[in-house]
$ cat target-v2.pdb   # PDB, C-alpha atoms
MODEL        1
ATOM      1  CA  MET A   1      38.482 -17.427 -11.879
ATOM      2  CA  ASN A   2      37.182 -14.490 -13.935
ATOM      3  CA  THR A   3      36.808 -10.951 -12.649
ATOM      4  CA  LEU A   4      33.077 -11.211 -11.893
ATOM      5  CA  ASP A   5      33.519 -14.449  -9.956
ATOM      6  CA  THR A   6      36.364 -12.839  -8.014
ATOM      7  CA  ILE A   7      34.143  -9.904  -7.065
ATOM      8  CA  ILE A   8      31.404 -12.262  -5.884
ATOM      9  CA  SER A   9      33.932 -14.241  -3.855
ATOM     10  CA  TYR A  10      35.360 -11.145  -2.118
ATOM     11  CA  ALA A  11      31.884  -9.783  -1.388
ATOM     12  CA  ARG A  12      30.683 -13.071   0.108
ATOM     13  CA  GLN A  13      33.845 -13.340   2.171
ATOM     14  CA  THR A  14      33.284  -9.832   3.553
ATOM     15  CA  VAL A  15      29.664 -10.526   4.440
ATOM     16  CA  ASN A  16      30.617 -13.844   6.035
ATOM     17  CA  GLU A  17      33.386 -12.341   8.161
ATOM     18  CA  GLU A  18      31.190  -9.491   9.381
ATOM     19  CA  ALA A  19      28.290 -11.865  10.062
ATOM     20  CA  LYS A  20      30.526 -14.046  12.251
ATOM     21  CA  ALA A  21      31.732 -10.995  14.157
ATOM     22  CA  ILE A  22      28.174  -9.823  14.774
ATOM     23  CA  ALA A  23      27.111 -13.289  15.906
ATOM     24  CA  HIS A  24      29.957 -13.257  18.433
ATOM     25  CA  LEU A  25      28.674  -9.976  19.907
ATOM     26  CA  GLU A  26      25.728 -11.832  21.413
ATOM     27  CA  GLN A  27      28.113 -13.545  23.826
ATOM     28  CA  LEU A  28      29.514 -10.163  24.881
ATOM     29  CA  ILE A  29      26.160  -8.761  26.011
ATOM     30  CA  ASP A  30      26.612  -9.022  29.753
ATOM     31  CA  GLN A  31      25.609  -7.565  33.089
ATOM     32  CA  GLU A  32      27.686  -4.444  32.499
ATOM     33  CA  PHE A  33      25.838  -3.817  29.225
ATOM     34  CA  ALA A  34      22.532  -4.117  31.108
ATOM     35  CA  GLU A  35      23.706  -1.742  33.843
ATOM     36  CA  ALA A  36      24.797   0.815  31.259
ATOM     37  CA  VAL A  37      21.417   0.724  29.525
ATOM     38  CA  HIS A  38      19.614   0.859  32.876
ATOM     39  CA  THR A  39      21.644   3.935  33.838
ATOM     40  CA  ILE A  40      20.679   5.693  30.598
ATOM     41  CA  HIS A  41      17.020   4.802  31.121
ATOM     42  CA  ASN A  42      17.014   6.261  34.640
ATOM     43  CA  SER A  43      18.895   9.412  33.647
ATOM     44  CA  ASN A  44      17.230  12.822  33.563
ATOM     45  CA  GLY A  45      19.656  14.010  30.905
ATOM     46  CA  ARG A  46      20.443  13.314  27.285
ATOM     47  CA  VAL A  47      22.887  10.889  25.716
ATOM     48  CA  ILE A  48      25.969  12.550  24.225
ATOM     49  CA  ILE A  49      27.694  10.206  21.771
ATOM     50  CA  THR A  50      31.222  10.891  20.568
ATOM     51  CA  GLY A  51      33.996   9.285  18.546
ATOM     52  CA  ILE A  52      36.790   9.981  16.096
ATOM     53  CA  GLY A  53      37.183   8.955  12.451
ATOM     54  CA  LYS A  54      34.807   6.227  11.268
ATOM     55  CA  SER A  55      33.595   5.735  14.839
ATOM     56  CA  ALA A  56      32.319   9.311  14.741
ATOM     57  CA  ILE A  57      30.175   8.455  11.722
ATOM     58  CA  ILE A  58      28.757   5.463  13.583
ATOM     59  CA  ALA A  59      28.131   7.686  16.608
ATOM     60  CA  SER A  60      26.137  10.068  14.437
ATOM     61  CA  LYS A  61      23.944   7.242  13.160
ATOM     62  CA  ILE A  62      23.303   5.897  16.674
ATOM     63  CA  VAL A  63      22.276   9.412  17.731
ATOM     64  CA  ALA A  64      19.737   9.470  14.890
ATOM     65  CA  THR A  65      18.370   6.074  15.928
ATOM     66  CA  MET A  66      18.001   7.100  19.560
ATOM     67  CA  ASN A  67      16.316  10.397  18.740
ATOM     68  CA  SER A  68      13.787   8.622  16.522
ATOM     69  CA  THR A  69      12.969   6.061  19.203
ATOM     70  CA  GLY A  70      12.412   8.350  22.158
ATOM     71  CA  THR A  71      15.876   8.761  23.690
ATOM     72  CA  PRO A  72      17.169  12.360  23.335
ATOM     73  CA  ALA A  73      20.706  12.196  21.991
ATOM     74  CA  VAL A  74      23.346  14.617  20.684
ATOM     75  CA  PHE A  75      26.387  13.910  18.502
ATOM     76  CA  MET A  76      29.697  15.443  19.556
ATOM     77  CA  HIS A  77      32.818  14.879  17.450
ATOM     78  CA  ALA A  78      35.756  13.996  19.687
ATOM     79  CA  ALA A  79      38.105  16.396  17.889
ATOM     80  CA  ASP A  80      35.647  19.276  18.167
ATOM     81  CA  ALA A  81      34.923  18.452  21.810
ATOM     82  CA  ILE A  82      38.377  19.529  22.934
ATOM     83  CA  HIS A  83      38.013  22.769  20.976
ATOM     84  CA  GLY A  84      34.836  24.089  22.538
ATOM     85  CA  ASP A  85      32.093  21.516  21.964
ATOM     86  CA  LEU A  86      32.392  20.205  25.513
ATOM     87  CA  GLY A  87      29.882  22.959  26.225
ATOM     88  CA  ASN A  88      27.272  20.584  24.759
ATOM     89  CA  ILE A  89      27.495  18.404  27.847
ATOM     90  CA  LEU A  90      24.990  19.294  30.536
ATOM     91  CA  LYS A  91      24.957  18.239  34.175
ATOM     92  CA  ASP A  92      22.750  15.133  33.871
ATOM     93  CA  ASP A  93      23.907  13.988  30.449
ATOM     94  CA  ILE A  94      25.470  10.580  29.925
ATOM     95  CA  VAL A  95      28.396  10.370  27.501
ATOM     96  CA  ILE A  96      28.999   7.376  25.249
ATOM     97  CA  CYS A  97      32.468   7.287  23.710
ATOM     98  CA  ILE A  98      33.064   4.944  20.757
ATOM     99  CA  SER A  99      36.564   3.804  19.841
ATOM    100  CA  LYS A 100      37.815   0.484  18.495
ATOM    101  CA  SER A 101      41.257   0.732  20.089
ATOM    102  CA  GLY A 102      40.251   2.958  22.983
ATOM    103  CA  ASN A 103      43.741   4.438  22.826
ATOM    104  CA  THR A 104      43.650   7.154  20.157
ATOM    105  CA  PRO A 105      45.237  10.497  21.150
ATOM    106  CA  GLU A 106      41.929  12.357  20.932
ATOM    107  CA  ILE A 107      40.241   9.853  23.225
ATOM    108  CA  LYS A 108      43.066  10.082  25.751
ATOM    109  CA  VAL A 109      42.624  13.855  25.863
ATOM    110  CA  LEU A 110      38.819  13.804  25.885
ATOM    111  CA  VAL A 111      38.108  11.136  28.491
ATOM    112  CA  PRO A 112      39.727  12.943  31.481
ATOM    113  CA  LEU A 113      37.861  16.126  30.552
ATOM    114  CA  ILE A 114      34.554  14.261  30.599
ATOM    115  CA  LYS A 115      35.475  12.669  33.922
ATOM    116  CA  ASN A 116      36.163  16.154  35.322
ATOM    117  CA  PHE A 117      32.578  17.077  34.471
ATOM    118  CA  ASN A 118      31.413  14.167  36.685
ATOM    119  CA  ASN A 119      29.202  12.841  33.897
ATOM    120  CA  THR A 120      28.709   9.098  33.592
ATOM    121  CA  LEU A 121      30.942   7.754  30.807
ATOM    122  CA  ILE A 122      30.102   4.634  28.804
ATOM    123  CA  GLY A 123      32.776   3.238  26.523
ATOM    124  CA  ILE A 124      32.084   1.116  23.448
ATOM    125  CA  THR A 125      35.387  -0.462  22.465
ATOM    126  CA  SER A 126      36.957  -3.614  21.085
ATOM    127  CA  ASN A 127      39.673  -3.436  23.755
ATOM    128  CA  LYS A 128      38.476  -3.534  27.364
ATOM    129  CA  GLU A 129      42.077  -3.116  28.573
ATOM    130  CA  SER A 130      42.503   0.167  26.682
ATOM    131  CA  PHE A 131      42.632   3.633  28.187
ATOM    132  CA  LEU A 132      38.909   4.084  27.425
ATOM    133  CA  GLY A 133      38.113   0.647  28.807
ATOM    134  CA  GLN A 134      39.893   1.411  32.069
ATOM    135  CA  GLU A 135      38.513   4.921  32.559
ATOM    136  CA  ALA A 136      34.852   4.440  31.555
ATOM    137  CA  ASP A 137      32.215   3.884  34.232
ATOM    138  CA  PHE A 138      30.704   1.153  32.063
ATOM    139  CA  VAL A 139      32.375  -0.709  29.207
ATOM    140  CA  ILE A 140      30.365  -2.272  26.400
ATOM    141  CA  HIS A 141      32.595  -4.785  24.683
ATOM    142  CA  ALA A 142      32.419  -4.579  20.871
ATOM    143  CA  TYR A 143      35.290  -6.954  20.182
ATOM    144  CA  VAL A 144      36.174  -8.016  16.655
ATOM    145  CA  GLU A 145      39.022 -10.365  15.815
ATOM    146  CA  LYS A 146      39.928  -8.645  12.556
ATOM    147  CA  GLU A 147      38.655  -6.220   9.961
ATOM    148  CA  ALA A 148      37.108  -7.478   6.739
ATOM    149  CA  CYS A 149      39.715  -5.363   4.969
ATOM    150  CA  PRO A 150      42.397  -7.807   3.683
ATOM    151  CA  ASN A 151      45.083  -5.599   5.232
ATOM    152  CA  ASN A 152      43.203  -5.585   8.558
ATOM    153  CA  LEU A 153      43.380  -1.775   8.503
ATOM    154  CA  ALA A 154      40.235  -0.102   7.105
ATOM    155  CA  PRO A 155      37.465   0.038   9.725
ATOM    156  CA  THR A 156      34.880  -2.412   8.388
ATOM    157  CA  THR A 157      33.958  -5.219  10.752
ATOM    158  CA  SER A 158      34.664  -3.022  13.776
ATOM    159  CA  THR A 159      32.318  -0.228  12.684
ATOM    160  CA  THR A 160      29.623  -2.776  11.842
ATOM    161  CA  ALA A 161      29.967  -4.170  15.369
ATOM    162  CA  GLN A 162      29.728  -0.680  16.859
ATOM    163  CA  LEU A 163      26.587   0.000  14.883
ATOM    164  CA  VAL A 164      24.967  -3.253  16.011
ATOM    165  CA  ILE A 165      25.818  -2.505  19.649
ATOM    166  CA  GLY A 166      24.304   0.966  19.245
ATOM    167  CA  ASP A 167      21.128  -0.546  17.810
ATOM    168  CA  ALA A 168      20.992  -2.993  20.721
ATOM    169  CA  VAL A 169      21.219  -0.135  23.225
ATOM    170  CA  ALA A 170      18.557   1.904  21.403
ATOM    171  CA  VAL A 171      16.149  -1.029  21.107
ATOM    172  CA  CYS A 172      16.577  -1.943  24.779
ATOM    173  CA  LEU A 173      15.744   1.652  25.715
ATOM    174  CA  LEU A 174      12.771   1.576  23.363
ATOM    175  CA  HIS A 175      11.368  -1.445  25.188
ATOM    176  CA  LEU A 176      12.035   0.041  28.630
ATOM    177  CA  LYS A 177      10.202   3.233  27.650
ATOM    178  CA  GLY A 178       7.246   1.322  26.198
ATOM    179  CA  PHE A 179       7.779   3.251  22.959
ATOM    180  CA  SER A 180       4.860   2.422  20.649
ATOM    181  CA  SER A 181       4.117   2.837  16.948
ATOM    182  CA  LYS A 182       2.039   5.911  17.852
ATOM    183  CA  ASP A 183       5.077   7.427  19.566
ATOM    184  CA  PHE A 184       7.159   6.547  16.516
ATOM    185  CA  ALA A 185       4.675   8.350  14.269
ATOM    186  CA  LYS A 186       5.094  11.557  16.290
ATOM    187  CA  TYR A 187       8.789  11.585  15.457
ATOM    188  CA  HIS A 188       8.284  10.557  11.803
ATOM    189  CA  PRO A 189       5.404  12.698  10.476
ATOM    190  CA  GLY A 190       6.942  13.128   7.038
ATOM    191  CA  GLY A 191       7.199  10.734   4.123
ATOM    192  CA  SER A 192       5.410   7.491   3.449
ATOM    193  CA  LEU A 193       6.555   5.938   6.728
ATOM    194  CA  GLY A 194       4.929   8.652   8.797
ATOM    195  CA  LYS A 195       1.731   8.535   6.762
ATOM    196  CA  LYS A 196       1.447   4.785   7.233
ATOM    197  CA  LEU A 197       1.537   5.381  10.960
ATOM    198  CA  TYR A 198      -0.897   8.268  11.303
ATOM    199  CA  LEU A 199      -2.973   8.772   8.126
ATOM    200  CA  ARG A 200      -6.573   7.628   8.522
ATOM    201  CA  VAL A 201      -9.244   6.856   5.960
ATOM    202  CA  ASP A 202     -11.158   9.980   6.968
ATOM    203  CA  ASP A 203      -8.126  12.155   6.177
ATOM    204  CA  ILE A 204      -8.496  11.033   2.561
ATOM    205  CA  VAL A 205     -12.214  10.596   1.918
ATOM    206  CA  SER A 206     -13.090  13.891   3.567
ATOM    207  CA  LYS A 207     -11.197  15.624   0.733
ATOM    208  CA  ASN A 208     -12.846  13.579  -2.013
ATOM    209  CA  GLU A 209     -16.134  14.011  -3.763
ATOM    210  CA  LYS A 210     -18.884  11.797  -2.369
ATOM    211  CA  PRO A 211     -20.564  10.018  -5.291
ATOM    212  CA  LYS A 212     -23.881   8.386  -4.510
ATOM    213  CA  VAL A 213     -27.132   7.426  -6.190
ATOM    214  CA  ASN A 214     -30.258   5.718  -4.930
ATOM    215  CA  LEU A 215     -31.700   2.381  -5.931
ATOM    216  CA  GLU A 216     -34.093   3.887  -8.491
ATOM    217  CA  SER A 217     -31.611   6.232 -10.163
ATOM    218  CA  ASP A 218     -31.611   5.584 -13.909
ATOM    219  CA  ILE A 219     -28.486   4.701 -15.870
ATOM    220  CA  ASN A 220     -28.015   8.237 -17.162
ATOM    221  CA  ALA A 221     -27.972   9.584 -13.613
ATOM    222  CA  VAL A 222     -25.486   6.909 -12.575
ATOM    223  CA  ILE A 223     -23.126   7.735 -15.455
ATOM    224  CA  VAL A 224     -23.355  11.470 -14.787
ATOM    225  CA  GLU A 225     -22.618  10.982 -11.073
ATOM    226  CA  MET A 226     -19.612   8.780 -11.753
ATOM    227  CA  THR A 227     -18.300  11.132 -14.437
ATOM    228  CA  GLU A 228     -18.662  14.298 -12.379
ATOM    229  CA  LYS A 229     -17.187  12.837  -9.184
ATOM    230  CA  ARG A 230     -14.313  11.206 -11.115
ATOM    231  CA  LEU A 231     -13.647   8.345  -8.714
ATOM    232  CA  GLY A 232     -14.538   5.488 -11.046
ATOM    233  CA  ALA A 233     -17.446   4.363  -8.898
ATOM    234  CA  THR A 234     -20.486   5.469  -6.960
ATOM    235  CA  ALA A 235     -22.165   4.211  -3.848
ATOM    236  CA  VAL A 236     -25.791   3.130  -3.974
ATOM    237  CA  THR A 237     -27.456   4.256  -0.765
ATOM    238  CA  GLU A 238     -30.790   4.236   0.985
ATOM    239  CA  ASN A 239     -31.311   6.561   3.940
ATOM    240  CA  ASP A 240     -27.541   7.172   3.878
ATOM    241  CA  LYS A 241     -26.837   3.477   4.372
ATOM    242  CA  ILE A 242     -24.684   1.631   1.860
ATOM    243  CA  ILE A 243     -26.680  -0.821  -0.234
ATOM    244  CA  GLY A 244     -24.291  -1.420  -3.105
ATOM    245  CA  ILE A 245     -21.604  -0.025  -5.392
ATOM    246  CA  ILE A 246     -21.433   0.610  -9.135
ATOM    247  CA  THR A 247     -17.967   0.701 -10.704
ATOM    248  CA  ASP A 248     -16.654   1.312 -14.206
ATOM    249  CA  GLY A 249     -16.476  -2.450 -14.518
ATOM    250  CA  ASP A 250     -20.178  -2.791 -13.717
ATOM    251  CA  LEU A 251     -20.988  -0.303 -16.498
ATOM    252  CA  ARG A 252     -18.863  -2.217 -19.009
ATOM    253  CA  ARG A 253     -20.551  -5.473 -18.096
ATOM    254  CA  MET A 254     -23.921  -3.788 -18.510
ATOM    255  CA  LEU A 255     -22.971  -2.741 -22.046
ATOM    256  CA  THR A 256     -22.101  -6.316 -23.003
ATOM    257  CA  THR A 257     -25.207  -7.932 -21.526
ATOM    258  CA  ASN A 258     -27.965  -5.472 -22.430
ATOM    259  CA  THR A 259     -29.152  -4.341 -25.862
ATOM    260  CA  SER A 260     -31.442  -1.701 -24.383
ATOM    261  CA  PHE A 261     -30.832   0.479 -21.376
ATOM    262  CA  ASN A 262     -34.339   1.873 -21.121
ATOM    263  CA  GLY A 263     -35.757   1.270 -17.700
ATOM    264  CA  LEU A 264     -32.470   0.089 -16.148
ATOM    265  CA  THR A 265     -31.756   1.516 -12.703
ATOM    266  CA  ALA A 266     -28.929   1.430 -10.229
ATOM    267  CA  LYS A 267     -30.301  -1.633  -8.457
ATOM    268  CA  ASP A 268     -30.172  -3.606 -11.733
ATOM    269  CA  ILE A 269     -26.413  -3.290 -12.201
ATOM    270  CA  MET A 270     -24.975  -2.617  -8.761
ATOM    271  CA  SER A 271     -22.847  -5.054  -6.771
ATOM    272  CA  PRO A 272     -24.650  -5.568  -3.449
ATOM    273  CA  ASN A 273     -22.941  -5.684  -0.038
ATOM    274  CA  PRO A 274     -19.716  -4.022  -1.190
ATOM    275  CA  LYS A 275     -16.477  -4.022   0.787
ATOM    276  CA  ARG A 276     -16.314  -1.126   3.188
ATOM    277  CA  ILE A 277     -14.160   0.341   5.931
ATOM    278  CA  ASP A 278     -14.701   2.683   8.868
ATOM    279  CA  VAL A 279     -13.409   6.257   8.497
ATOM    280  CA  ASP A 280     -11.362   5.878  11.686
ATOM    281  CA  ALA A 281      -9.354   2.977  10.253
ATOM    282  CA  MET A 282      -5.749   3.545   9.229
ATOM    283  CA  ALA A 283      -5.155   4.237   5.550
ATOM    284  CA  VAL A 284      -2.621   1.405   5.436
ATOM    285  CA  ASP A 285      -5.382  -0.969   6.589
ATOM    286  CA  ALA A 286      -7.498   0.233   3.679
ATOM    287  CA  LEU A 287      -4.629  -0.653   1.355
ATOM    288  CA  ASP A 288      -4.473  -4.128   2.863
ATOM    289  CA  ARG A 289      -8.210  -4.508   2.262
ATOM    290  CA  LEU A 290      -7.933  -3.370  -1.365
ATOM    291  CA  GLU A 291      -5.074  -5.774  -2.015
ATOM    292  CA  GLU A 292      -6.796  -8.641  -0.221
ATOM    293  CA  TYR A 293      -9.903  -8.409  -2.397
ATOM    294  CA  GLY A 294      -8.204  -7.213  -5.586
ATOM    295  CA  ILE A 295     -10.374  -4.103  -5.893
ATOM    296  CA  SER A 296      -9.659  -0.442  -6.651
ATOM    297  CA  GLN A 297     -12.327   1.313  -4.586
ATOM    298  CA  LEU A 298     -13.486   0.991  -1.028
ATOM    299  CA  LEU A 299     -16.559   2.602   0.496
ATOM    300  CA  ALA A 300     -16.110   4.341   3.830
ATOM    301  CA  GLU A 301     -18.728   4.661   6.518
ATOM    302  CA  LYS A 302     -19.122   6.419   9.816
ATOM    303  CA  GLU A 303     -21.413   5.071  12.491
ATOM    304  CA  GLY A 304     -23.026   2.808   9.906
ATOM    305  CA  LYS A 305     -23.680   5.566   7.361
ATOM    306  CA  TYR A 306     -22.019   6.284   4.013
ATOM    307  CA  ALA A 307     -19.104   8.703   4.460
ATOM    308  CA  GLY A 308     -17.258   8.634   1.150
ATOM    309  CA  LEU A 309     -15.254   6.633  -1.343
ATOM    310  CA  LEU A 310     -11.553   5.807  -1.236
ATOM    311  CA  HIS A 311      -9.715   4.962  -4.477
ATOM    312  CA  ILE A 312      -6.391   3.160  -4.661
ATOM    313  CA  HIS A 313      -5.057   6.204  -6.533
ATOM    314  CA  ASP A 314      -5.633   8.223  -3.341
ATOM    315  CA  LEU A 315      -3.214   5.948  -1.505
ATOM    316  CA  MET A 316      -0.693   6.177  -4.319
ATOM    317  CA  ARG A 317      -0.900   9.965  -4.213
ATOM    318  CA  GLU A 318      -0.298   9.964  -0.463
ATOM    319  CA  GLY A 319       2.723   7.691  -0.846
ATOM    320  CA  ILE A 320       1.127   4.797   1.071
ATOM    321  CA  LEU A 321       1.508   2.491  -1.920
TER     322      LEU A 321
ENDMDL
END
$ encode --input "target-v2.pdb" --output "structure tokens"
Amino acid sequence: MNTLDTIISYARQTVNEEAKAIAHLEQLIDQEFAEAVHTIHNSNGRVIITGIGKSAIIASKIVATMNSTGTPAVFMHAADAIHGDLGNILKDDIVICISKSGNTPEIKVLVPLIKNFNNTLIGITSNKESFLGQEADFVIHAYVEKEACPNNLAPTTSTTAQLVIGDAVAVCLLHLKGFSSKDFAKYHPGGSLGKKLYLRVDDIVSKNEKPKVNLESDINAVIVEMTEKRLGATAVTENDKIIGIITDGDLRRMLTTNTSFNGLTAKDIMSPNPKRIDVDAMAVDALDRLEEYGISQLLAEKEGKYAGLLHIHDLMREGIL
């Protein structure tokens, strides 16, 4: 077996071993897991998540997931906790402690201190018979038979299992809170993800020029309007209602089918009944419409009247595409 085939074999073996471990977790989701999640949901405090080593990194990620899905959470490193960071824990907070073995020295020092605070303690561990498993008010079993590491030493499968359990807790809380996409958008206003959730057509077209001509506008007027407004198209309107659209493509077709342009007007070259969208629609829905019909521009209207023109380049600029 050559080196590349060996790499592929090791990688597939790792993925397979971790996939089997994750699949086994489903059988470990029990009544105690449900009670732990229910306790968090009914709490008036935050969730403090702690761990040591690689488990601390997983704890930090679970904190990020919870905060973004409506459950206030704070990361507290187990080593730092016993050197002052215990002050992060408030009266109504619930503490989740993550540890594969449940028996590390830091955990054995930290757990009694948390218990002295009278805060509810939830343990996520592979060993329910460990110190953490025995002392926690609720134990979420994240058992793995072995690590994907060939020496069964480097945290691999175990940290993957912890992460999956954390996601399961966060998603359960999301459902219990009725956390919607609108709520999600409030916590993710930046980047393309946030814009997909809150940006509306009106937010874009209101900043654009508003090219329009009437049915009797001559070709020169049409070309000037399209050139000045620089959107590659113009609406054809009558009493502010959309009658048609003229695009760059319509102009090119006109050039190939007419030897004389004298007397030609907008109504002679426009495409009638163009695709349109309401200004209150989401920008991502406008993108879907553009892709569905294979077009570059979409006319926007408000209460049945022409409101502006949206170009696919607008969506690219906003990071929607």
$ closest_residue --input "target-v2.pdb" --among "A:Ser101, A:Ser158, A:Asn44, A:Ser126" --to "Val139 of chain A" --atoms "all atoms listed in the file"
A:Ser126
$ closest_residue --input "target-v2.pdb" --among "A:Asn88, A:Tyr143, A:Ser130, A:His24" --to "Phe117 of chain A" --atoms "only C-alpha atoms"
A:Asn88
$ residues_near_point --input "target-v2.pdb" --point "(28.5, -2.5, 18.4)" --cutoff "12 Å" --atoms "only C-alpha atoms" --output "ChimeraX atom specification"
/A:18,21-26,28-29,33,55,58-59,61-62,97-100,123-126,139-144,156-170
$ resolve_selection --input "target-v2.pdb" --expression "the PyMOL selection byres ((chain A and resi 103-114) around 9)" --output "PDB file with C-alpha atoms, in the coordinates of the input"
ATOM      1  CA  GLY A  51      33.996   9.285  18.546  1.00  0.00           C
ATOM      2  CA  ILE A  52      36.790   9.981  16.096  1.00  0.00           C
ATOM      3  CA  ALA A  78      35.756  13.996  19.687  1.00  0.00           C
ATOM      4  CA  ALA A  79      38.105  16.396  17.889  1.00  0.00           C
ATOM      5  CA  ALA A  81      34.923  18.452  21.810  1.00  0.00           C
ATOM      6  CA  ILE A  82      38.377  19.529  22.934  1.00  0.00           C
ATOM      7  CA  LEU A  86      32.392  20.205  25.513  1.00  0.00           C
ATOM      8  CA  ILE A  89      27.495  18.404  27.847  1.00  0.00           C
ATOM      9  CA  VAL A  95      28.396  10.370  27.501  1.00  0.00           C
ATOM     10  CA  CYS A  97      32.468   7.287  23.710  1.00  0.00           C
ATOM     11  CA  SER A  99      36.564   3.804  19.841  1.00  0.00           C
ATOM     12  CA  LYS A 100      37.815   0.484  18.495  1.00  0.00           C
ATOM     13  CA  SER A 101      41.257   0.732  20.089  1.00  0.00           C
ATOM     14  CA  GLY A 102      40.251   2.958  22.983  1.00  0.00           C
ATOM     15  CA  LYS A 115      35.475  12.669  33.922  1.00  0.00           C
ATOM     16  CA  ASN A 116      36.163  16.154  35.322  1.00  0.00           C
ATOM     17  CA  PHE A 117      32.578  17.077  34.471  1.00  0.00           C
ATOM     18  CA  ASN A 118      31.413  14.167  36.685  1.00  0.00           C
ATOM     19  CA  ASN A 119      29.202  12.841  33.897  1.00  0.00           C
ATOM     20  CA  THR A 120      28.709   9.098  33.592  1.00  0.00           C
ATOM     21  CA  LEU A 121      30.942   7.754  30.807  1.00  0.00           C
ATOM     22  CA  ASN A 127      39.673  -3.436  23.755  1.00  0.00           C
ATOM     23  CA  SER A 130      42.503   0.167  26.682  1.00  0.00           C
ATOM     24  CA  PHE A 131      42.632   3.633  28.187  1.00  0.00           C
ATOM     25  CA  LEU A 132      38.909   4.084  27.425  1.00  0.00           C
ATOM     26  CA  GLU A 135      38.513   4.921  32.559  1.00  0.00           C
ATOM     27  CA  ALA A 136      34.852   4.440  31.555  1.00  0.00           C
TER      28      ALA A 136
END
$ closest_residue --input "target-v2.pdb" --among "A:Met316, A:Met66, A:Met226, A:Ile219" --to "His41 of chain A" --atoms "only C-alpha atoms"
A:Met66
$ closest_residue --input "target-v2.pdb" --among "A:Lys207, A:Asp202, A:Glu292, A:Gly308" --to "Asp280 of chain A" --atoms "only C-alpha atoms"
A:Asp202
$ atom_distance --input "target-v2.pdb" --atom1 "atom CA of Asn258 of chain A" --atom2 "atom CA of Leu231 of chain A"
24.2 Å
$ resolve_selection --input "target-v2.pdb" --expression "the PyMOL selection byres ((chain A and resi 313) around 12)" --output "MDAnalysis selection string"
chainID A and resid 204:205 208 230:232 287 290 295:298 309:312 314:321
$ atom_distance --input "target-v2.pdb" --atom1 "atom CA of Asp203 of chain A" --atom2 "atom CA of Asp248 of chain A"
24.6 Å
$ atom_distance --input "target-v2.pdb" --atom1 "atom CA of Ile269 of chain A" --atom2 "atom CA of Ala233 of chain A"
12.2 Å
$ resolve_selection --input "target-v2.pdb" --expression "the PyMOL selection byres ((chain A and resi 266) around 6)" --output "ChimeraX atom specification"
/A:215-217,265,267-270
$ closest_residue --input "target-v2.pdb" --among "A:Lys305, A:Leu173, A:Ala148, A:Asp5" --to "Ala34 of chain A" --atoms "all atoms listed in the file"
A:Leu173
$ residues_around --input "target-v2.pdb" --residues "Thr234 of chain A" --least-positions-apart "2" --cutoff "6 Å" --atoms "all atoms listed in the file" --output "list of chain:residue names"
A:Pro211, A:Lys212, A:Met226, A:Ile245, A:Ile246
$ build_atoms --input "target-v2.pdb" --residues "segment 234-246 of chain A" --atoms "N, CA and C atoms" --output "mmCIF file, keeping the file's coordinate frame"
data_model
loop_
_atom_site.group_PDB
_atom_site.id
_atom_site.type_symbol
_atom_site.label_atom_id
_atom_site.label_comp_id
_atom_site.auth_asym_id
_atom_site.auth_seq_id
_atom_site.Cartn_x
_atom_site.Cartn_y
_atom_site.Cartn_z
ATOM 1 N N THR A 234 -19.534 4.728 -7.788
ATOM 2 C CA THR A 234 -20.486 5.469 -6.960
ATOM 3 C C THR A 234 -21.148 4.505 -5.989
ATOM 4 N N ALA A 235 -21.428 5.009 -4.817
ATOM 5 C CA ALA A 235 -22.165 4.211 -3.848
ATOM 6 C C ALA A 235 -23.642 4.237 -4.201
ATOM 7 N N VAL A 236 -24.334 3.175 -3.881
ATOM 8 C CA VAL A 236 -25.791 3.130 -3.974
ATOM 9 C C VAL A 236 -26.293 3.106 -2.539
ATOM 10 N N THR A 237 -27.066 4.119 -2.164
ATOM 11 C CA THR A 237 -27.456 4.256 -0.765
ATOM 12 C C THR A 237 -28.968 4.344 -0.605
ATOM 13 N N GLU A 238 -29.387 4.080 0.607
ATOM 14 C CA GLU A 238 -30.790 4.236 0.985
ATOM 15 C C GLU A 238 -30.807 4.735 2.421
ATOM 16 N N ASN A 239 -31.344 5.922 2.619
ATOM 17 C CA ASN A 239 -31.311 6.561 3.940
ATOM 18 C C ASN A 239 -29.873 6.660 4.473
ATOM 19 N N ASP A 240 -28.965 6.999 3.570
ATOM 20 C CA ASP A 240 -27.541 7.172 3.878
ATOM 21 C C ASP A 240 -26.829 5.884 4.274
ATOM 22 N N LYS A 241 -27.485 4.758 4.112
ATOM 23 C CA LYS A 241 -26.837 3.477 4.372
ATOM 24 C C LYS A 241 -26.387 2.860 3.052
ATOM 25 N N ILE A 242 -25.247 2.213 3.076
ATOM 26 C CA ILE A 242 -24.684 1.631 1.860
ATOM 27 C C ILE A 242 -25.440 0.361 1.492
ATOM 28 N N ILE A 243 -25.972 0.349 0.270
ATOM 29 C CA ILE A 243 -26.680 -0.821 -0.234
ATOM 30 C C ILE A 243 -25.822 -1.563 -1.257
ATOM 31 N N GLY A 244 -25.109 -0.803 -2.065
ATOM 32 C CA GLY A 244 -24.291 -1.420 -3.105
ATOM 33 C C GLY A 244 -23.299 -0.430 -3.672
ATOM 34 N N ILE A 245 -22.574 -0.872 -4.700
ATOM 35 C CA ILE A 245 -21.604 -0.025 -5.392
ATOM 36 C C ILE A 245 -21.700 -0.291 -6.888
ATOM 37 N N ILE A 246 -21.510 0.752 -7.683
ATOM 38 C CA ILE A 246 -21.433 0.610 -9.135
ATOM 39 C C ILE A 246 -20.076 1.150 -9.569
#
